[in-house]
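Quick look at entry_5.pdb (PDB, C-alpha atoms and all ligand atoms):
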ATOM      1  CA  MET A  98      70.596  95.433  49.278
ATOM      2  CA  SER A  99      72.265  98.134  51.355
ATOM      3  CA  ARG A 100      71.751  98.546  55.067
ATOM      4  CA  GLU A 101      69.782 101.699  54.525
ATOM      5  CA  GLU A 102      67.460  99.915  52.157
ATOM      6  CA  GLN A 103      66.506  97.176  54.529
ATOM      7  CA  ARG A 104      64.136  98.985  56.778
ATOM      8  CA  ILE A 105      60.690  98.435  55.349
ATOM      9  CA  VAL A 106      59.366  94.988  54.701
ATOM     10  CA  ASN A 107      56.156  94.054  53.152
ATOM     11  CA  ASP A 108      54.071  92.543  55.584
ATOM     12  CA  GLN A 109      51.986  89.820  56.121
ATOM     13  CA  GLN A 110      54.034  87.229  54.629
ATOM     14  CA  SER A 111      54.430  86.134  58.180
ATOM     15  CA  GLY A 112      52.322  83.491  59.669
ATOM     16  CA  GLU A 113      50.799  83.493  56.259
ATOM     17  CA  GLU A 114      53.933  84.269  54.347
ATOM     18  CA  TRP A 115      53.732  81.917  51.445
ATOM     19  CA  GLU A 116      53.614  84.672  48.927
ATOM     20  CA  HIS A 117      56.908  86.309  48.135
ATOM     21  CA  SER A 118      55.963  89.614  46.671
ATOM     22  CA  GLU A 119      58.650  92.266  46.478
ATOM     23  CA  ASP A 120      59.785  93.966  49.637
ATOM     24  CA  ILE A 121      58.833  97.535  50.100
ATOM     25  CA  ILE A 122      62.109  99.351  50.218
ATOM     26  CA  ARG A 123      62.645 103.041  50.606
ATOM     27  CA  ASP A 124      65.645 104.983  51.781
ATOM     28  CA  ARG A 125      65.972 106.541  55.170
ATOM     29  CA  LYS A 126      65.711 110.177  54.206
ATOM     30  CA  ARG A 127      62.431 109.653  52.460
ATOM     31  CA  SER A 128      61.144 107.500  55.292
ATOM     32  CA  LYS A 129      61.674 110.354  57.688
ATOM     33  CA  GLN A 130      59.281 112.422  55.634
ATOM     34  CA  MET A 131      56.570 109.826  55.656
ATOM     35  CA  HIS A 132      53.784 111.949  57.053
ATOM     36  CA  GLN A 133      52.195 111.784  53.644
ATOM     37  CA  HIS A 134      52.456 108.753  51.459
ATOM     38  CA  GLU A 135      53.300 110.854  48.448
ATOM     39  CA  GLU A 136      56.517 111.721  50.261
ATOM     40  CA  SER A 137      57.322 108.303  51.680
ATOM     41  CA  GLY A 138      56.859 106.580  48.382
ATOM     42  CA  LEU A 139      54.938 103.752  50.048
ATOM     43  CA  GLU A 140      52.375 102.573  47.513
ATOM     44  CA  LEU A 141      49.126 101.125  48.781
ATOM     45  CA  SER A 142      49.370  98.388  46.166
ATOM     46  CA  GLN A 143      52.646  97.236  47.746
ATOM     47  CA  ILE A 144      51.286  96.608  51.199
ATOM     48  CA  VAL A 145      49.265  93.690  52.492
ATOM     49  CA  PHE A 146      46.954  94.761  55.278
ATOM     50  CA  ILE A 147      46.024  91.670  57.273
ATOM     51  CA  GLY A 148      46.033  91.335  61.020
ATOM     52  CA  ARG A 149      45.671  89.037  63.940
ATOM     53  CA  THR A 150      43.029  89.136  66.625
ATOM     54  CA  PHE A 151      43.229  90.271  70.226
ATOM     55  CA  GLU A 152      42.868  86.634  71.283
ATOM     56  CA  GLU A 153      45.859  85.581  69.171
ATOM     57  CA  TYR A 154      47.985  88.325  70.728
ATOM     58  CA  MET A 155      46.958  87.227  74.230
ATOM     59  CA  LEU A 156      48.221  83.710  73.469
ATOM     60  CA  MET A 157      51.332  84.823  71.575
ATOM     61  CA  PHE A 158      52.418  87.074  74.420
ATOM     62  CA  ASP A 159      51.128  84.967  77.283
ATOM     63  CA  LEU A 160      48.969  87.789  78.655
ATOM     64  CA  THR A 161      45.875  87.718  80.881
ATOM     65  CA  ARG A 162      42.999  90.178  80.604
ATOM     66  CA  GLU A 163      43.457  91.217  84.230
ATOM     67  CA  GLU A 164      47.013  92.436  83.711
ATOM     68  CA  LEU A 165      46.062  94.804  80.869
ATOM     69  CA  ALA A 166      44.056  97.322  82.882
ATOM     70  CA  GLY A 167      45.899 100.559  83.562
ATOM     71  CA  GLN A 168      48.928  99.586  81.451
ATOM     72  CA  ASN A 169      50.391 101.790  78.735
ATOM     73  CA  ILE A 170      50.945  99.346  75.880
ATOM     74  CA  LEU A 171      52.519  99.804  72.458
ATOM     75  CA  ASP A 172      51.824  97.347  69.627
ATOM     76  CA  CYS A 173      54.550  97.847  67.051
ATOM     77  CA  PRO A 174      54.056  97.115  64.193
ATOM     78  CA  GLY A 175      50.316  96.839  64.720
ATOM     79  CA  GLY A 176      49.181  96.060  61.138
ATOM     80  CA  ALA A 177      45.454  95.268  60.909
ATOM     81  CA  CYS A 178      45.344  93.753  64.378
ATOM     82  CA  SER A 179      42.512  94.162  66.848
ATOM     83  CA  PHE A 180      44.757  93.902  69.913
ATOM     84  CA  SER A 181      45.105  97.567  70.842
ATOM     85  CA  GLY A 182      41.424  98.426  70.398
ATOM     86  CA  GLN A 183      40.263  95.484  72.487
ATOM     87  CA  ALA A 184      42.928  96.089  75.128
ATOM     88  CA  ARG A 185      41.686  99.663  75.448
ATOM     89  CA  LYS A 186      38.177  98.349  76.129
ATOM     90  CA  LEU A 187      39.669  96.364  79.025
ATOM     91  CA  GLY A 188      41.194  99.489  80.526
ATOM     92  CA  ALA A 189      44.645  99.597  78.906
ATOM     93  CA  HIS A 190      46.066 102.733  77.318
ATOM     94  CA  ALA A 191      47.024 101.047  74.075
ATOM     95  CA  VAL A 192      48.619 102.546  70.980
ATOM     96  CA  ALA A 193      49.467 100.832  67.704
ATOM     97  CA  SER A 194      52.155 102.052  65.315
ATOM     98  CA  ASP A 195      52.985 100.919  61.810
ATOM     99  CA  ILE A 196      54.256 102.397  58.577
ATOM    100  CA  VAL A 197      50.907 101.670  56.912
ATOM    101  CA  TYR A 198      49.003 104.036  59.187
ATOM    102  CA  GLN A 199      50.031 106.895  56.937
ATOM    103  CA  TYR A 200      47.042 105.720  54.892
ATOM    104  CA  GLY A 201      43.463 106.473  55.894
ATOM    105  CA  MET A 202      41.233 103.842  57.444
ATOM    106  CA  ASN A 203      38.966 103.642  54.387
ATOM    107  CA  GLU A 204      41.822 102.906  52.006
ATOM    108  CA  LEU A 205      43.338 100.419  54.421
ATOM    109  CA  GLY A 206      40.008  98.711  55.059
ATOM    110  CA  THR A 207      39.281  98.235  51.351
ATOM    111  CA  LYS A 208      42.791  96.946  50.696
ATOM    112  CA  GLY A 209      42.676  94.652  53.720
ATOM    113  CA  PHE A 210      39.460  92.888  52.736
ATOM    114  CA  GLN A 211      40.880  92.262  49.237
ATOM    115  CA  ASP A 212      44.124  90.994  50.749
ATOM    116  CA  ILE A 213      42.305  88.467  52.911
ATOM    117  CA  GLU A 214      40.567  86.918  49.909
ATOM    118  CA  HIS A 215      43.806  86.797  47.916
ATOM    119  CA  THR A 216      45.671  85.308  50.847
ATOM    120  CA  MET A 217      43.112  82.572  51.450
ATOM    121  CA  LYS A 218      43.557  81.405  47.859
ATOM    122  CA  GLN A 219      47.348  81.397  48.188
ATOM    123  CA  ILE A 220      47.431  79.462  51.442
ATOM    124  CA  GLN A 221      45.802  76.393  49.938
ATOM    125  CA  ALA A 222      49.070  75.402  48.295
ATOM    126  CA  VAL A 223      51.102  75.592  51.528
ATOM    127  CA  GLN A 224      48.724  74.379  54.216
ATOM    128  CA  GLY A 225      51.351  71.982  55.547
ATOM    129  CA  MET A 226      53.463  74.913  56.781
ATOM    130  CA  TYR A 227      50.845  75.661  59.411
ATOM    131  CA  VAL A 228      49.301  74.106  62.486
ATOM    132  CA  TRP A 229      45.505  74.139  62.169
ATOM    133  CA  ASP A 230      44.464  73.328  65.743
ATOM    134  CA  GLN A 231      43.283  76.859  66.367
ATOM    135  CA  PHE A 232      41.559  77.770  63.100
ATOM    136  CA  GLY A 233      40.477  74.346  61.915
ATOM    137  CA  THR A 234      40.159  75.196  58.248
ATOM    138  CA  ILE A 235      41.064  77.935  55.804
ATOM    139  CA  GLU A 236      37.522  79.237  56.208
ATOM    140  CA  GLY A 237      38.072  79.365  59.971
ATOM    141  CA  LEU A 238      41.248  81.371  59.387
ATOM    142  CA  ARG A 239      39.424  83.670  56.971
ATOM    143  CA  GLN A 240      36.736  84.410  59.559
ATOM    144  CA  GLU A 241      39.342  85.305  62.169
ATOM    145  CA  ARG A 242      41.247  87.574  59.786
ATOM    146  CA  LEU A 243      37.948  89.287  58.857
ATOM    147  CA  ARG A 244      37.137  89.743  62.537
ATOM    148  CA  ALA A 245      40.568  91.270  63.217
ATOM    149  CA  ILE A 246      40.417  93.833  60.426
ATOM    150  CA  THR A 247      36.772  94.719  61.054
ATOM    151  CA  ASP A 248      37.517  95.483  64.702
ATOM    152  CA  CYS A 249      40.745  97.260  63.811
ATOM    153  CA  VAL A 250      39.175  99.564  61.224
ATOM    154  CA  GLU A 251      36.239 100.307  63.514
ATOM    155  CA  ASP A 252      38.641 101.233  66.307
ATOM    156  CA  MET A 253      40.698 103.391  63.924
ATOM    157  CA  ARG A 254      37.499 105.265  63.127
ATOM    158  CA  GLN A 255      36.786 105.895  66.791
ATOM    159  CA  HIS A 256      40.356 106.476  67.985
ATOM    160  CA  PRO A 257      42.498 107.644  65.056
ATOM    161  CA  GLU A 258      44.961 109.199  67.492
ATOM    162  CA  CYS A 259      45.826 105.695  68.749
ATOM    163  CA  TYR A 260      47.216 104.597  65.346
ATOM    164  CA  VAL A 261      50.541 106.305  64.837
ATOM    165  CA  ALA A 262      52.439 106.136  61.544
ATOM    166  CA  THR A 263      56.088 105.287  62.135
ATOM    167  CA  VAL A 264      59.069 103.957  60.258
ATOM    168  CA  LEU A 265      61.228 101.645  62.339
ATOM    169  CA  PRO A 266      63.925 101.691  63.592
ATOM    170  CA  GLU A 267      62.722 105.049  64.853
ATOM    171  CA  LEU A 268      59.729 105.670  67.088
ATOM    172  CA  PRO A 269      58.119 109.060  67.710
ATOM    173  CA  PHE A 270      57.456 108.426  71.405
ATOM    174  CA  ASN A 271      58.936 109.677  74.657
ATOM    175  CA  ASP A 272      61.397 107.733  76.772
ATOM    176  CA  GLU A 273      59.579 105.086  78.842
ATOM    177  CA  GLN A 274      56.176 106.225  77.591
ATOM    178  CA  PHE A 275      54.903 102.635  77.612
ATOM    179  CA  ASP A 276      54.957 100.000  80.331
ATOM    180  CA  LEU A 277      54.974  97.179  77.813
ATOM    181  CA  THR A 278      55.824  96.980  74.096
ATOM    182  CA  LEU A 279      54.647  94.049  71.977
ATOM    183  CA  SER A 280      56.036  93.266  68.553
ATOM    184  CA  ALA A 281      54.734  90.369  66.472
ATOM    185  CA  HIS A 282      55.822  88.938  63.135
ATOM    186  CA  PHE A 283      58.417  91.518  62.228
ATOM    187  CA  LEU A 284      61.819  91.165  63.948
ATOM    188  CA  PHE A 285      63.289  87.649  63.591
ATOM    189  CA  THR A 286      60.463  86.723  61.196
ATOM    190  CA  TYR A 287      62.048  88.768  58.418
ATOM    191  CA  ALA A 288      65.653  87.943  59.241
ATOM    192  CA  ASP A 289      66.191  87.260  55.555
ATOM    193  CA  ARG A 290      65.779  90.958  54.769
ATOM    194  CA  LEU A 291      66.291  92.870  58.039
ATOM    195  CA  ASN A 292      69.920  92.643  59.072
ATOM    196  CA  PHE A 293      71.402  92.309  62.556
ATOM    197  CA  ASP A 294      72.086  96.033  62.830
ATOM    198  CA  PHE A 295      68.445  96.813  62.072
ATOM    199  CA  HIS A 296      67.334  94.317  64.721
ATOM    200  CA  VAL A 297      69.611  95.889  67.344
ATOM    201  CA  ARG A 298      68.577  99.442  66.540
ATOM    202  CA  THR A 299      64.890  98.586  66.525
ATOM    203  CA  LEU A 300      65.116  96.749  69.842
ATOM    204  CA  LEU A 301      67.084  99.570  71.481
ATOM    205  CA  GLU A 302      64.465 102.044  70.256
ATOM    206  CA  MET A 303      61.653  99.871  71.600
ATOM    207  CA  LEU A 304      63.497  99.628  74.909
ATOM    208  CA  ARG A 305      63.953 103.407  74.967
ATOM    209  CA  VAL A 306      60.181 104.012  74.786
ATOM    210  CA  THR A 307      59.384 101.197  77.240
ATOM    211  CA  LYS A 308      59.537 101.315  81.019
ATOM    212  CA  HIS A 309      59.374  97.638  81.949
ATOM    213  CA  GLU A 310      59.352  95.062  79.175
ATOM    214  CA  VAL A 311      59.506  94.391  75.437
ATOM    215  CA  ARG A 312      58.115  91.108  74.067
ATOM    216  CA  ILE A 313      58.845  89.833  70.562
ATOM    217  CA  PHE A 314      56.970  86.966  68.891
ATOM    218  CA  PRO A 315      58.030  84.606  67.387
ATOM    219  CA  THR A 316      61.741  83.845  67.755
ATOM    220  CA  VAL A 317      61.986  82.048  64.414
ATOM    221  CA  ASP A 318      62.336  83.188  60.820
ATOM    222  CA  LEU A 319      60.043  82.368  57.913
ATOM    223  CA  THR A 320      61.537  78.898  57.581
ATOM    224  CA  GLY A 321      60.768  78.112  61.239
ATOM    225  CA  LYS A 322      64.451  78.266  62.315
ATOM    226  CA  ARG A 323      65.438  80.095  65.524
ATOM    227  CA  TYR A 324      66.822  83.547  64.643
ATOM    228  CA  GLU A 325      70.373  82.833  63.621
ATOM    229  CA  HIS A 326      71.880  85.735  65.613
ATOM    230  CA  MET A 327      69.771  85.183  68.734
ATOM    231  CA  ASP A 328      72.669  84.220  70.993
ATOM    232  CA  GLU A 329      74.768  87.179  69.850
ATOM    233  CA  LEU A 330      71.803  89.504  70.334
ATOM    234  CA  LYS A 331      71.157  88.175  73.826
ATOM    235  CA  VAL A 332      74.784  88.649  74.881
ATOM    236  CA  PHE A 333      74.743  92.206  73.500
ATOM    237  CA  LEU A 334      71.564  93.171  75.391
ATOM    238  CA  GLU A 335      72.549  91.344  78.588
ATOM    239  CA  LYS A 336      75.812  93.321  78.647
ATOM    240  CA  LYS A 337      73.646  96.438  78.667
ATOM    241  CA  GLY A 338      71.886  95.153  81.773
ATOM    242  CA  TYR A 339      68.648  93.842  80.266
ATOM    243  CA  LEU A 340      67.183  90.521  81.399
ATOM    244  CA  LEU A 341      66.339  88.154  78.550
ATOM    245  CA  SER A 342      64.403  84.923  78.328
ATOM    246  CA  GLU A 343      62.863  82.819  75.570
ATOM    247  CA  VAL A 344      59.455  81.654  76.699
ATOM    248  CA  ARG A 345      57.338  78.986  75.053
ATOM    249  CA  THR A 346      53.726  80.117  74.582
ATOM    250  CA  SER A 347      50.541  78.269  73.717
ATOM    251  CA  TYR A 348      50.192  79.913  70.272
ATOM    252  CA  GLU A 349      51.448  78.191  67.136
ATOM    253  CA  PHE A 350      50.189  78.765  63.605
ATOM    254  CA  GLN A 351      53.345  78.976  61.512
ATOM    255  CA  ARG A 352      54.944  75.632  62.348
ATOM    256  CA  ASN A 353      57.602  75.990  65.055
ATOM    257  CA  ALA A 354      56.673  79.639  65.776
ATOM    258  CA  HIS A 355      55.574  79.270  69.386
ATOM    259  CA  THR A 356      58.154  81.124  71.462
ATOM    260  CA  MET A 357      58.491  84.781  72.457
ATOM    261  CA  LEU A 358      61.557  86.731  73.539
ATOM    262  CA  ARG A 359      61.067  88.702  76.762
ATOM    263  CA  ILE A 360      63.422  91.627  77.384
ATOM    264  CA  ARG A 361      63.000  93.123  80.819
ATOM    265  CA  LYS A 362      64.542  96.241  82.277
ATOM    266  CA  PRO A 363      66.008  95.580  85.721
ATOM    267  CA  SER A 364      63.926  97.240  88.434
ATOM    268  CA  LEU A 365      65.801  99.953  90.276
TER     269      LEU A 365
HETATM  270  C1  LIG B   1      53.651  90.726  59.262
HETATM  271  S1  LIG B   1      52.985  92.253  59.700
HETATM  272  C2  LIG B   1      52.747  92.006  61.418
HETATM  273  C3  LIG B   1      51.614  92.825  61.951
HETATM  274  C4  LIG B   1      51.118  92.346  63.324
HETATM  275  N1  LIG B   1      52.082  92.600  64.351
HETATM  276  C5  LIG B   1      50.719  90.893  63.294
HETATM  277  O1  LIG B   1      51.308  90.085  64.008
HETATM  278  O2  LIG B   1      49.798  90.561  62.536
HETATM  279  C6  LIG B   1      54.367  93.300  59.560
HETATM  280  C7  LIG B   1      53.983  94.760  59.658
HETATM  281  O3  LIG B   1      55.185  95.506  59.670
HETATM  282  C8  LIG B   1      54.919  96.753  59.066
HETATM  283  N2  LIG B   1      56.218  97.342  58.716
HETATM  284  C9  LIG B   1      57.089  96.897  57.799
HETATM  285  N3  LIG B   1      58.200  97.645  57.804
HETATM  286  C10 LIG B   1      58.028  98.598  58.753
HETATM  287  C11 LIG B   1      58.829  99.669  59.251
HETATM  288  N4  LIG B   1      60.065  99.904  58.792
HETATM  289  N5  LIG B   1      58.345 100.441  60.233
HETATM  290  C12 LIG B   1      57.115 100.212  60.752
HETATM  291  N6  LIG B   1      56.311  99.215  60.318
HETATM  292  C13 LIG B   1      56.761  98.406  59.346
HETATM  293  C14 LIG B   1      54.039  96.380  57.896
HETATM  294  O4  LIG B   1      53.332  97.480  57.412
HETATM  295  C15 LIG B   1      53.155  95.293  58.494
HETATM  296  O5  LIG B   1      51.933  95.820  58.974
END

Rewritten as structure tokens:
Amino acid sequence: MSREEQRIVNDQQSGEEWEHSEDIIRDRKRSKQMHQHEESGLELSQIVFIGRTFEEYMLMFDLTREELAGQNILDCPGGACSFSGQARKLGAHAVASDIVYQYGMNELGTKGFQDIEHTMKQIQAVQGMYVWDQFGTIEGLRQERLRAITDCVEDMRQHPECYVATVLPELPFNDEQFDLTLSAHFLFTYADRLNFDFHVRTLLEMLRVTKHEVRIFPTVDLTGKRYEHMDELKVFLEKKGYLLSEVRTSYEFQRNAHTMLRIRKPSL
């Protein structure tokens, strides 16, 4: 796989990534023209539209409700998550971006509900890869995934302008437009198909659009191993003046995926 081919991964095989369907791979030139899916070549059948809830994000990123109000927050990639919609209700200016948002909410909603049912069947075979304290059972997980997508699609209906189609490692936002950028289950998770260069470029782009801090969850790959280039990445970003720390959080579903990477910009 060439470097240029490694920029789009099919989803939700994170956290619930037992199923190894083919990656969605398209070249950079076409990705740049992804305003319409006919041009990007991203097929709806190739995506899996499942998301996590606001409450999961709060635990993953060690956030409190009080600190959301008044903040400009980017969730990238946002998938079918309910974080940004709920954060907006608490007074945040929250935007989600993801390659899948080139599709309409109706198409995504239909696909997402099918994906949840398919996923729940698949997970039975690999239950041991997960920690069930939070969800209890597969049915408990199913209910939470249904709640996330229902809230997400409802919010998309009300605030379509807050769901911005993007193809990483590029972001169509202004410098320091957001106070905080959150990124879950993408970088590090898919280290088997997103190379080091892609990680660096994506992080630098996230830092460009962020004023204060970028948080990435988790710090492990799909096998539960700490990202193999983490130390190299930290040295690279620290040399640029950023402040990095790996912080244990109280969220763990994929076994061993309980730590976030905080990247702070030094205050002037
Ligand atoms: C595993 S999901 C994570 C979604 C969400 N953050 C969560 O934790 O549930 C990965 C997401 O990355 C999106 N994605 C994959 N490649 C992308 C790219 N190059 N640019 C933007 N989004 C991408 C997928 O569409 C999918 O929604």

* For the file shown, what are the residues hit by the PyMOL selection byres (((chain A and resi 299-315) around 6) and not hetatm), laid out as a ChimeraX atom specification? -> /A:266,271-281,295-298,316-317,354,356-362

* **Residue contacts of Gly201 of chain A (10 Å, all atoms listed in the file) excluding same-chain residues fewer than 4 positions away, as a PyMOL selection string** => chain A and resi 197+205-206+250+253-254+257

Expected file contents, prior selection, C-alpha atoms, as a CSV table (one decimal), keeping the file's coordinate frame:
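Generated file (out.csv):
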chain,number,residue,atom,x,y,z
A,197,VAL,CA,50.9,101.7,56.9
A,205,LEU,CA,43.3,100.4,54.4
A,206,GLY,CA,40.0,98.7,55.1
A,250,VAL,CA,39.2,99.6,61.2
A,253,MET,CA,40.7,103.4,63.9
A,254,ARG,CA,37.5,105.3,63.1
A,257,PRO,CA,42.5,107.6,65.1

* Give the answer as one residue: which of A:Glu258, A:Glu236, A:Glu153, A:Glu343 has the shortest atom-to-atom distance to His190 of chain A, using only C-alpha atoms? =>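 Closest residue, counting only C-alpha atoms: A:Glu258.
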
* To do: Using only C-alpha atoms and all ligand atoms, pick whichever of A:Phe146, A:Tyr260, A:Tyr348, A:Phe293 has the shortest atom-to-atom distance to ligand LIG 1 (chain B).
  => A:Phe146

* Asked: Mind pulling up the distance from atom CA of Gly176 of chain A to atom CA of Leu238 of chain A?
  ->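 Taking atom CA of Leu238 of chain A as the start and atom CA of Gly176 of chain A as the end point, the length is 16.8 Å.
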
* Tell me which residues the PyMOL selection byres (((chain A and resi 211-213) around 9) and not hetatm) grabs here, as a list in words. =>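 Evaluating the PyMOL selection byres (((chain A and resi 211-213) around 9) and not hetatm) on these coordinates yields Val145, Phe146, Ile147, Gly206, Thr207, Lys208, Gly209, Phe210, Glu214, His215, Thr216, Met217, Lys218, Arg239, Arg242 and Leu243 of chain A.
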
Result set, the PyMOL selection byres (((chain A and resi 172) around 8) and not hetatm) on current file, as a PDB file with C-alpha atoms, in the coordinates of the input:
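New file expr.pdb:
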ATOM      1  CA  ILE A 170      50.945  99.346  75.880  1.00  0.00           C
ATOM      2  CA  LEU A 171      52.519  99.804  72.458  1.00  0.00           C
ATOM      3  CA  CYS A 173      54.550  97.847  67.051  1.00  0.00           C
ATOM      4  CA  PRO A 174      54.056  97.115  64.193  1.00  0.00           C
ATOM      5  CA  GLY A 175      50.316  96.839  64.720  1.00  0.00           C
ATOM      6  CA  PHE A 180      44.757  93.902  69.913  1.00  0.00           C
ATOM      7  CA  SER A 181      45.105  97.567  70.842  1.00  0.00           C
ATOM      8  CA  ALA A 191      47.024 101.047  74.075  1.00  0.00           C
ATOM      9  CA  VAL A 192      48.619 102.546  70.980  1.00  0.00           C
ATOM     10  CA  ALA A 193      49.467 100.832  67.704  1.00  0.00           C
ATOM     11  CA  SER A 194      52.155 102.052  65.315  1.00  0.00           C
ATOM     12  CA  THR A 278      55.824  96.980  74.096  1.00  0.00           C
ATOM     13  CA  LEU A 279      54.647  94.049  71.977  1.00  0.00           C
ATOM     14  CA  SER A 280      56.036  93.266  68.553  1.00  0.00           C
TER      15      SER A 280
END

* Asked: Suppose you want the space between atom O4 of ligand LIG 1 (chain B) and atom CA of Ala222 of chain A; what is it in Å?
  ->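 According to the coordinates, atom O4 of ligand LIG 1 (chain B) and atom CA of Ala222 of chain A are separated by 24.3 Å.
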
* Using all atoms listed in the file, which residue out of A:Asp195, A:Glu164, A:Glu140, A:Asp248 lies closest to ligand LIG 1 (chain B)? ->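 Once distances to ligand LIG 1 (chain B) are computed over all atoms listed in the file, the minimum belongs to A:Asp195.
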
Test item: axis-aligned box, all listed atoms of ligand LIG 1 (chain B), 3 Å on each side, centre and edges in Å rounded to one decimal, as JSON:
{"center_x": 54.9, "center_y": 95.3, "center_z": 60.9, "size_x": 16.3, "size_y": 16.4, "size_z": 12.9}

* Asked: If you measure from atom CA of Thr263 of chain A to atom CA of Glu335 of chain A, what distance in Å do you get, rounded to one decimal?
  -> 27.1 Å

* **Residue contacts of Met327 of chain A (9 Å, only C-alpha atoms) excluding same-chain residues fewer than 4 positions away, as a ChimeraX atom specification** => /A:285,316,323,331-332

* Counting all atoms listed in the file, the option among A:Leu141, A:Ile220, A:Ile235, A:Leu165 closest to ligand LIG 1 (chain B) ->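 For ligand LIG 1 (chain B), the nearest of the candidates is A:Leu141.
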
* Option closest in space to ligand LIG 1 (chain B), from A:Ile196, A:Met202, A:Val344, A:Val223 [counting all atoms listed in the file] ->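 Of A:Ile196, A:Met202, A:Val344, A:Val223, the one nearest ligand LIG 1 (chain B) is A:Ile196, counting all atoms listed in the file.
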
* Asked: Hey, what's within 10 Å of Leu156 of chain A if we count only C-alpha atoms and toss same-chain stuff fewer than 5 positions away? As a list of chain:residue names, please?
  -> A:Phe151, A:Thr161, A:Thr346, A:Ser347, A:Tyr348, A:Glu349, A:His355

N, CA and C atoms for segment 187-201 of chain A, written as a short mmCIF file (atom, residue, chain, number, x, y, z; two decimals), in the frame of the given file, could you do that?
data_model
loop_
_atom_site.label_atom_id
_atom_site.label_comp_id
_atom_site.auth_asym_id
_atom_site.auth_seq_id
_atom_site.Cartn_x
_atom_site.Cartn_y
_atom_site.Cartn_z
N LEU A 187 39.44 97.02 77.72
CA LEU A 187 39.67 96.36 79.03
C LEU A 187 40.45 97.27 79.98
N GLY A 188 40.60 98.54 79.60
CA GLY A 188 41.19 99.49 80.53
C GLY A 188 42.66 99.80 80.29
N ALA A 189 43.24 99.25 79.22
CA ALA A 189 44.64 99.60 78.91
C ALA A 189 44.69 100.90 78.12
N HIS A 190 45.84 101.58 78.18
CA HIS A 190 46.07 102.73 77.32
C HIS A 190 46.93 102.21 76.18
N ALA A 191 46.28 101.76 75.12
CA ALA A 191 47.02 101.05 74.08
C ALA A 191 47.14 101.87 72.80
N VAL A 192 48.32 101.82 72.22
CA VAL A 192 48.62 102.55 70.98
C VAL A 192 49.23 101.54 70.01
N ALA A 193 48.84 101.67 68.73
CA ALA A 193 49.47 100.83 67.70
C ALA A 193 50.27 101.74 66.78
N SER A 194 51.40 101.26 66.30
CA SER A 194 52.16 102.05 65.32
C SER A 194 52.60 101.13 64.19
N ASP A 195 52.63 101.71 62.99
CA ASP A 195 52.98 100.92 61.81
C ASP A 195 53.19 101.90 60.66
N ILE A 196 54.03 101.54 59.74
CA ILE A 196 54.26 102.40 58.58
C ILE A 196 52.98 102.57 57.75
N VAL A 197 52.10 101.58 57.77
CA VAL A 197 50.91 101.67 56.91
C VAL A 197 49.88 102.68 57.41
N TYR A 198 50.02 103.13 58.66
CA TYR A 198 49.00 104.04 59.19
C TYR A 198 49.08 105.43 58.58
N GLN A 199 50.03 105.64 57.70
CA GLN A 199 50.03 106.90 56.94
C GLN A 199 48.84 106.93 55.97
N TYR A 200 48.25 105.77 55.72
CA TYR A 200 47.04 105.72 54.89
C TYR A 200 45.81 105.88 55.77
N GLY A 201 44.71 106.32 55.16
CA GLY A 201 43.46 106.47 55.89
C GLY A 201 42.79 105.13 56.11
#
